[in-house]
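Novice: I'm passing along coords-v3.cif; it holds mmCIF, C-alpha atoms.
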```
data_structure
#
loop_
_atom_site.label_atom_id
_atom_site.label_comp_id
_atom_site.auth_asym_id
_atom_site.auth_seq_id
_atom_site.Cartn_x
_atom_site.Cartn_y
_atom_site.Cartn_z
CA MET C 132 199.64 139.64 149.15
CA SER C 133 201.38 140.97 146.04
CA ILE C 134 200.46 144.41 144.74
CA PHE C 135 200.96 143.68 141.06
CA GLY C 136 200.31 140.86 138.63
CA PRO C 137 203.17 140.63 136.12
CA LEU C 138 206.02 143.01 137.00
CA GLU C 139 208.93 143.96 134.76
CA VAL C 140 212.20 144.36 136.70
CA TYR C 141 215.06 146.51 135.45
CA HIS C 142 218.40 146.01 137.21
CA ASP C 143 220.03 149.04 135.65
CA ASP C 144 223.65 148.51 136.65
CA ALA C 145 225.09 151.25 134.42
CA ALA C 146 226.28 154.21 136.48
CA ARG C 147 224.42 157.21 135.06
CA SER C 148 224.26 160.97 135.53
CA ALA C 149 221.51 162.40 137.70
CA ALA C 150 219.81 163.94 134.65
CA MET C 151 219.85 160.63 132.77
CA ASN C 152 218.45 158.70 135.73
CA MET C 153 215.50 161.09 135.97
CA ALA C 154 215.00 160.96 132.21
CA ILE C 155 214.92 157.15 132.10
CA ASP C 156 212.22 157.14 134.78
CA GLU C 157 210.15 159.59 132.74
CA ALA C 158 210.71 157.62 129.53
CA LEU C 159 209.61 154.43 131.28
CA LEU C 160 206.41 156.13 132.43
CA GLU C 161 205.81 157.40 128.92
CA MET C 162 206.42 154.06 127.19
CA ALA C 163 205.41 151.39 129.72
CA SER C 164 202.57 149.01 128.99
CA ASN C 165 203.11 146.93 132.17
CA PRO C 166 203.99 147.78 135.77
CA SER C 167 207.74 147.89 136.32
CA ILE C 168 210.40 148.56 138.90
CA ARG C 169 213.84 149.89 138.07
CA PHE C 170 216.82 149.75 140.41
CA TYR C 171 219.62 152.15 139.48
CA ARG C 172 222.97 153.71 140.33
CA TRP C 173 224.70 157.10 140.04
CA HIS C 174 228.01 157.78 138.31
CA SER C 175 229.02 160.19 141.10
CA PRO C 176 227.59 161.52 144.37
CA ALA C 177 224.32 163.20 143.48
CA LEU C 178 221.50 165.23 144.99
CA SER C 179 217.92 165.26 143.80
CA PHE C 180 215.33 167.71 145.03
CA GLY C 181 211.59 167.92 144.50
CA TYR C 182 209.75 169.65 141.70
CA PHE C 183 208.55 172.40 144.04
CA GLY C 184 211.96 172.84 145.72
CA ARG C 185 214.10 175.98 145.52
CA PHE C 186 217.42 175.85 143.71
CA ALA C 187 218.78 178.30 146.30
CA ASP C 188 218.41 175.53 148.92
CA VAL C 189 220.79 173.17 147.08
CA VAL C 190 223.20 175.48 145.27
CA ASP C 191 225.85 175.05 147.99
CA TYR C 192 226.12 171.35 147.05
CA ALA C 193 226.85 172.05 143.36
CA ALA C 194 230.65 171.83 143.72
CA ARG C 195 230.58 168.32 145.14
CA ARG C 196 227.36 166.67 143.90
CA ASP C 197 225.53 166.17 140.62
CA LEU C 198 222.32 168.17 141.11
CA VAL C 199 218.97 167.42 139.52
CA ARG C 200 215.40 168.60 140.00
CA ARG C 201 213.00 165.65 140.13
CA TRP C 202 209.69 165.56 138.30
CA THR C 203 208.17 164.23 141.53
CA GLY C 204 207.72 166.24 144.73
CA GLY C 205 209.38 165.90 148.12
CA GLY C 206 212.54 167.30 149.63
CA ILE C 207 216.30 166.92 149.27
CA VAL C 208 217.73 163.40 148.87
CA LEU C 209 221.44 162.59 148.76
CA HIS C 210 222.36 159.73 146.42
CA GLY C 211 225.40 157.55 145.95
CA ASP C 212 225.33 155.04 148.77
CA ASP C 213 221.58 154.45 148.62
CA LEU C 214 219.54 151.86 146.73
CA THR C 215 217.45 153.98 144.40
CA TYR C 216 214.42 152.63 142.58
CA SER C 217 211.38 153.71 140.60
CA VAL C 218 208.02 152.00 140.25
CA ILE C 219 205.93 152.64 137.14
CA VAL C 220 202.18 152.00 137.17
CA PRO C 221 200.56 152.45 133.72
CA ARG C 222 197.11 153.99 133.74
CA ASP C 223 195.54 150.80 132.34
CA ASP C 224 196.75 148.72 135.30
CA PRO C 225 194.13 148.14 138.06
CA VAL C 226 196.54 149.46 140.71
CA PHE C 227 196.42 152.91 139.09
CA ALA C 228 192.77 153.27 140.16
CA GLY C 229 193.87 153.46 143.80
CA SER C 230 194.85 156.70 145.49
CA SER C 231 198.43 157.90 145.36
CA MET C 232 198.68 157.39 149.11
CA SER C 233 197.40 153.83 148.95
CA ILE C 234 200.01 153.00 146.30
CA TYR C 235 202.69 154.69 148.43
CA GLU C 236 201.66 152.66 151.47
CA ASN C 237 201.45 149.38 149.55
CA VAL C 238 204.87 149.77 147.97
CA HIS C 239 206.40 150.61 151.33
CA HIS C 240 204.58 147.72 153.00
CA ALA C 241 206.21 145.41 150.44
CA LEU C 242 209.54 147.05 151.26
CA CYS C 243 208.98 146.35 154.97
CA GLU C 244 208.31 142.69 154.14
CA ALA C 245 211.50 142.50 152.08
CA LEU C 246 213.49 144.02 154.96
CA SER C 247 212.02 141.43 157.34
CA VAL C 248 213.30 138.67 155.04
CA ILE C 249 216.86 139.90 155.67
CA GLY C 250 216.31 140.26 159.41
CA LYS C 251 215.45 143.97 159.64
CA HIS C 252 212.28 144.87 161.53
CA ALA C 253 210.67 147.81 159.76
CA ASP C 254 207.46 149.77 160.32
CA LEU C 255 205.43 152.33 158.40
CA LEU C 256 205.08 155.73 160.04
CA ALA C 257 201.45 156.31 160.96
CA VAL C 258 199.57 159.61 160.72
CA ALA C 259 199.45 159.99 164.51
CA ALA C 260 203.19 159.54 164.74
CA VAL C 261 203.73 162.23 162.10
CA CYS C 262 201.71 164.65 164.22
CA ASP C 263 203.69 163.72 167.35
CA ARG C 264 206.98 164.30 165.54
CA ARG C 265 205.72 167.66 164.26
CA ILE C 266 204.87 168.80 167.79
CA ILE C 267 208.31 167.80 169.06
CA GLN C 268 210.05 169.62 166.23
CA ASP C 269 207.85 172.72 166.69
CA ARG C 270 209.05 172.98 170.28
CA SER C 271 212.72 172.79 169.34
CA ILE C 272 213.03 174.41 165.91
CA HIS C 273 209.72 176.27 165.39
CA SER C 274 209.73 175.53 161.68
CA TRP C 275 208.14 172.17 160.81
CA GLU C 276 204.75 172.06 159.15
CA ILE C 277 202.77 169.34 157.37
CA ASN C 278 201.97 170.41 153.84
CA GLY C 279 198.42 170.03 152.57
CA ARG C 280 199.72 168.11 149.59
CA GLU C 281 199.37 164.36 149.74
CA MET C 282 202.32 162.60 151.40
CA ASN C 283 204.67 165.58 151.25
CA ALA C 284 206.12 167.56 154.15
CA THR C 285 207.48 171.08 153.83
CA VAL C 286 210.11 172.64 156.07
CA THR C 287 210.44 176.41 156.16
CA ASP C 288 214.05 176.39 157.37
CA ARG C 289 216.35 175.31 154.49
CA ARG C 290 218.80 173.69 156.93
CA TYR C 291 216.23 170.99 157.70
CA ASN C 292 214.78 170.45 154.22
CA ASP C 293 216.24 166.93 154.13
CA CYS C 294 213.88 164.15 153.13
CA PHE C 295 215.51 161.63 155.48
CA ALA C 296 215.39 164.02 158.44
CA THR C 297 211.65 164.59 158.04
CA PRO C 298 209.69 161.32 157.83
CA VAL C 299 206.10 161.63 156.68
CA ARG C 300 203.13 159.29 156.62
CA ALA C 301 203.92 155.74 155.41
CA ASP C 302 207.68 156.25 155.27
CA VAL C 303 209.70 153.21 156.38
CA LEU C 304 211.38 153.26 159.79
CA VAL C 305 213.91 150.88 161.33
CA ASP C 306 214.56 151.44 165.04
CA GLY C 307 212.72 154.76 164.78
CA ARG C 308 214.98 156.02 162.00
CA LYS C 309 213.74 156.73 158.49
CA VAL C 310 215.37 154.37 155.99
CA ALA C 311 213.07 154.76 152.99
CA GLY C 312 210.95 157.50 151.51
CA ALA C 313 209.54 158.30 148.10
CA ALA C 314 207.76 160.86 145.97
CA GLN C 315 205.23 160.44 143.20
CA ARG C 316 203.89 161.98 140.02
CA ARG C 317 200.54 161.03 138.50
CA THR C 318 199.95 161.81 134.81
CA ARG C 319 197.63 160.70 132.04
CA ALA C 320 200.15 157.98 131.23
CA GLY C 321 200.27 156.52 134.74
CA LEU C 322 202.03 156.95 138.06
CA LEU C 323 205.74 157.34 138.78
CA HIS C 324 206.95 156.44 142.29
CA GLN C 325 210.61 157.34 142.94
CA GLY C 326 212.14 155.93 146.11
CA SER C 327 215.42 155.78 148.00
CA ILE C 328 216.54 153.25 150.63
CA GLN C 329 219.45 154.28 152.84
CA GLN C 330 220.88 154.24 156.36
CA VAL C 331 220.30 150.47 156.60
CA ASP C 332 222.58 147.55 155.70
CA LEU C 333 221.20 145.57 152.77
CA VAL C 334 222.23 142.19 151.39
CA GLU C 335 223.57 142.04 147.84
CA ASP C 336 220.38 140.65 146.31
CA PHE C 337 217.96 142.80 148.29
CA ALA C 338 216.47 144.22 145.09
CA ARG C 339 215.32 140.73 144.15
CA HIS C 340 213.62 140.29 147.55
CA PHE C 341 211.86 143.62 147.15
CA ALA C 342 210.62 142.83 143.65
CA LYS C 343 209.28 139.45 144.80
CA GLU C 344 207.25 141.15 147.52
CA LEU C 345 205.68 143.41 144.90
CA SER C 346 204.81 140.57 142.51
CA GLU C 347 204.95 136.80 142.27
CA ASP C 348 205.38 137.11 138.51
CA CYS C 349 208.60 139.04 137.88
CA SER C 350 210.40 139.15 134.55
CA GLU C 351 213.84 140.63 133.89
CA LYS C 352 214.07 143.54 131.45
CA ARG C 353 216.85 145.73 130.13
CA ILE C 354 217.13 149.33 129.01
CA ASP C 355 216.93 148.87 125.24
CA ASN C 356 218.03 151.32 122.54
CA GLU C 357 214.57 152.79 122.01
CA LEU C 358 214.15 153.58 125.70
CA SER C 359 217.72 154.87 126.00
CA ASP C 360 217.37 157.15 123.00
CA ARG C 361 214.11 158.59 124.30
CA ALA C 362 215.66 159.18 127.73
CA LYS C 363 218.64 160.98 126.19
CA GLU C 364 216.24 163.27 124.37
CA ILE C 365 214.33 164.02 127.58
CA ALA C 366 217.56 164.62 129.53
CA GLU C 367 218.93 167.04 126.93
CA LYS C 368 215.71 169.05 126.73
CA LYS C 369 214.78 168.97 130.41
CA TYR C 370 216.77 167.50 133.30
CA ALA C 371 220.24 168.55 132.11
CA THR C 372 219.24 172.16 131.44
CA GLN C 373 219.81 175.12 133.72
CA ALA C 374 216.28 176.28 132.96
CA TRP C 375 214.84 173.15 134.58
CA LEU C 376 217.33 173.07 137.44
CA ARG C 377 216.79 176.73 138.38
CA ARG C 378 213.10 177.02 137.56
CA ARG C 379 212.27 177.92 141.18
#
```
Here is the file; what I need is its structure written in the form of structure tokens.
Specialist:
Amino acid sequence: MSIFGPLEVYHDDAARSAAMNMAIDEALLEMASNPSIRFYRWHSPALSFGYFGRFADVVDYAARRDLVRRWTGGGIVLHGDDLTYSVIVPRDDPVFAGSSMSIYENVHHALCEALSVIGKHADLLAVAAVCDRRIIQDRSIHSWEINGREMNATVTDRRYNDCFATPVRADVLVDGRKVAGAAQRRTRAGLLHQGSIQQVDLVEDFARHFAKELSEDCSEKRIDNELSDRAKEIAEKKYATQAWLRRR
């Protein structure tokens, strides 16, 4: 069953900087009147890290990747070869009334269905499995812990603060390996869900399959001048600044 009624789909094929990609997501959340999903690319290898992350944990990547601090939480995600997407849920949409975790699970369930269409068997990681993985890691590394925050995991050893090395509840697994995770931000305007799909072979039109699993009523949209101008303003004042990047 589809999550959304009408869904606006942005196939943003322009290769953009990390700061601009984050800014467009925020501008969409700010301006959206309908649920939407945006698929996007990066103009060069990039790294995004969560709002609560430490700049010291990613500084070593600065010479070879475009770094950006996300507005959402979570750990370190490497971008370039992944399929990156964002889902926007305006506060007036009925889906927004659900918990952040229920939205996370529903989006990832739709992703599992889309993967099955292309012949990939995928599962959502259950709470019990998260606990089992934590116990195994505790025995070998002595550093994993499950954060009290909804759907986020924190790792005390910076070497392992990699989102795709630390699956958490409702992440997507193929053959026991994490292939999709996400992070969220809930505001008065709505909910932003930022996700990455990687370490799995996808067909060229996989984005279309994914969108169809989210809604039976999809309409194509483009990044218009108003949205682009607002995103540029956000990027210049926030995501592209050293103050934002190094805030923690």
Novice: The PyMOL selection byres ((chain C and resi 302-313) around 10) on the file shown: which residues, as a PyMOL selection string?
Specialist: chain C and resi 203-206+208+213-217+235-236+238-240+242-243+246+251-257+261+282-283+294-301+314-315+324-332
Novice: Give me the residues near Tyr370 (chain C) as a list in words, where near means some atom within 7 Å (using only C-alpha atoms) and where sequence neighbours in that chain fewer than 6 positions away do not count.
Specialist: Ala150, Ala154, Val199, Arg200 and Leu376 of chain C
Novice: Quick one: apply the PyMOL selection byres ((chain C and resi 140) around 7) to the file and drop the selected residues here as a ChimeraX atom specification.
Specialist: /C:138-139,141-142,167-169,349-352
Novice: How many Å lie between CA of Asn237 (chain C) and CA of Gly136 (chain C), rounded to one decimal?
Specialist: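 These atoms are spaced 13.9 Å apart.
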Novice: For this structure, which residues satisfy the selection - the PyMOL selection byres ((chain C and resi 191-197) around 10) - when it is evaluated on the file as given? I want them as number ranges by chain.
Specialist: C: 148-150, 173-179, 186-190, 198-199, 209-211
Novice: Report, in Å to a single decimal, how far apart CA of Arg317 (chain C) and CA of Ala163 (chain C) are.
Specialist: 13.9 Å
Novice: Do you know which residues lie at most 12 Å from (215.2, 173.7, 135.3), with coordinates as in the file and all atoms listed in the file counted, and could you write them as a list in words?
Specialist: Ala150, Phe180, Gly181, Tyr182, Phe183, Gly184, Arg185, Phe186, Leu198, Val199, Arg200, Arg201, Trp202, Ala366, Glu367, Lys368, Lys369, Tyr370, Ala371, Thr372, Gln373, Ala374, Trp375, Leu376, Arg377, Arg378 and Arg379 of chain C
Novice: With only C-alpha atoms as the counted atoms, please give the residues lying no more than 10 Å from Glu161 (chain C), apart from itself and same-chain residues fewer than 5 positions off, as a count of residues only.
Specialist: 12
Novice: Could you work out how far CA of Asp143 (chain C) lies from CA of Glu335 (chain C), giving the answer in Å with one decimal?
Specialist: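 CA of Glu335 (chain C) sits 14.5 Å away from CA of Asp143 (chain C).
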Novice: Might you pull out every residue within 7 Å of Phe135 (chain C), with all atoms listed in the file counted and same-chain residues fewer than 2 positions away left off, and present them as a list in words?
Specialist: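 Counting only the stated atoms, we get Ser133, Pro137, Leu138, Leu345 and Ser346 of chain C.
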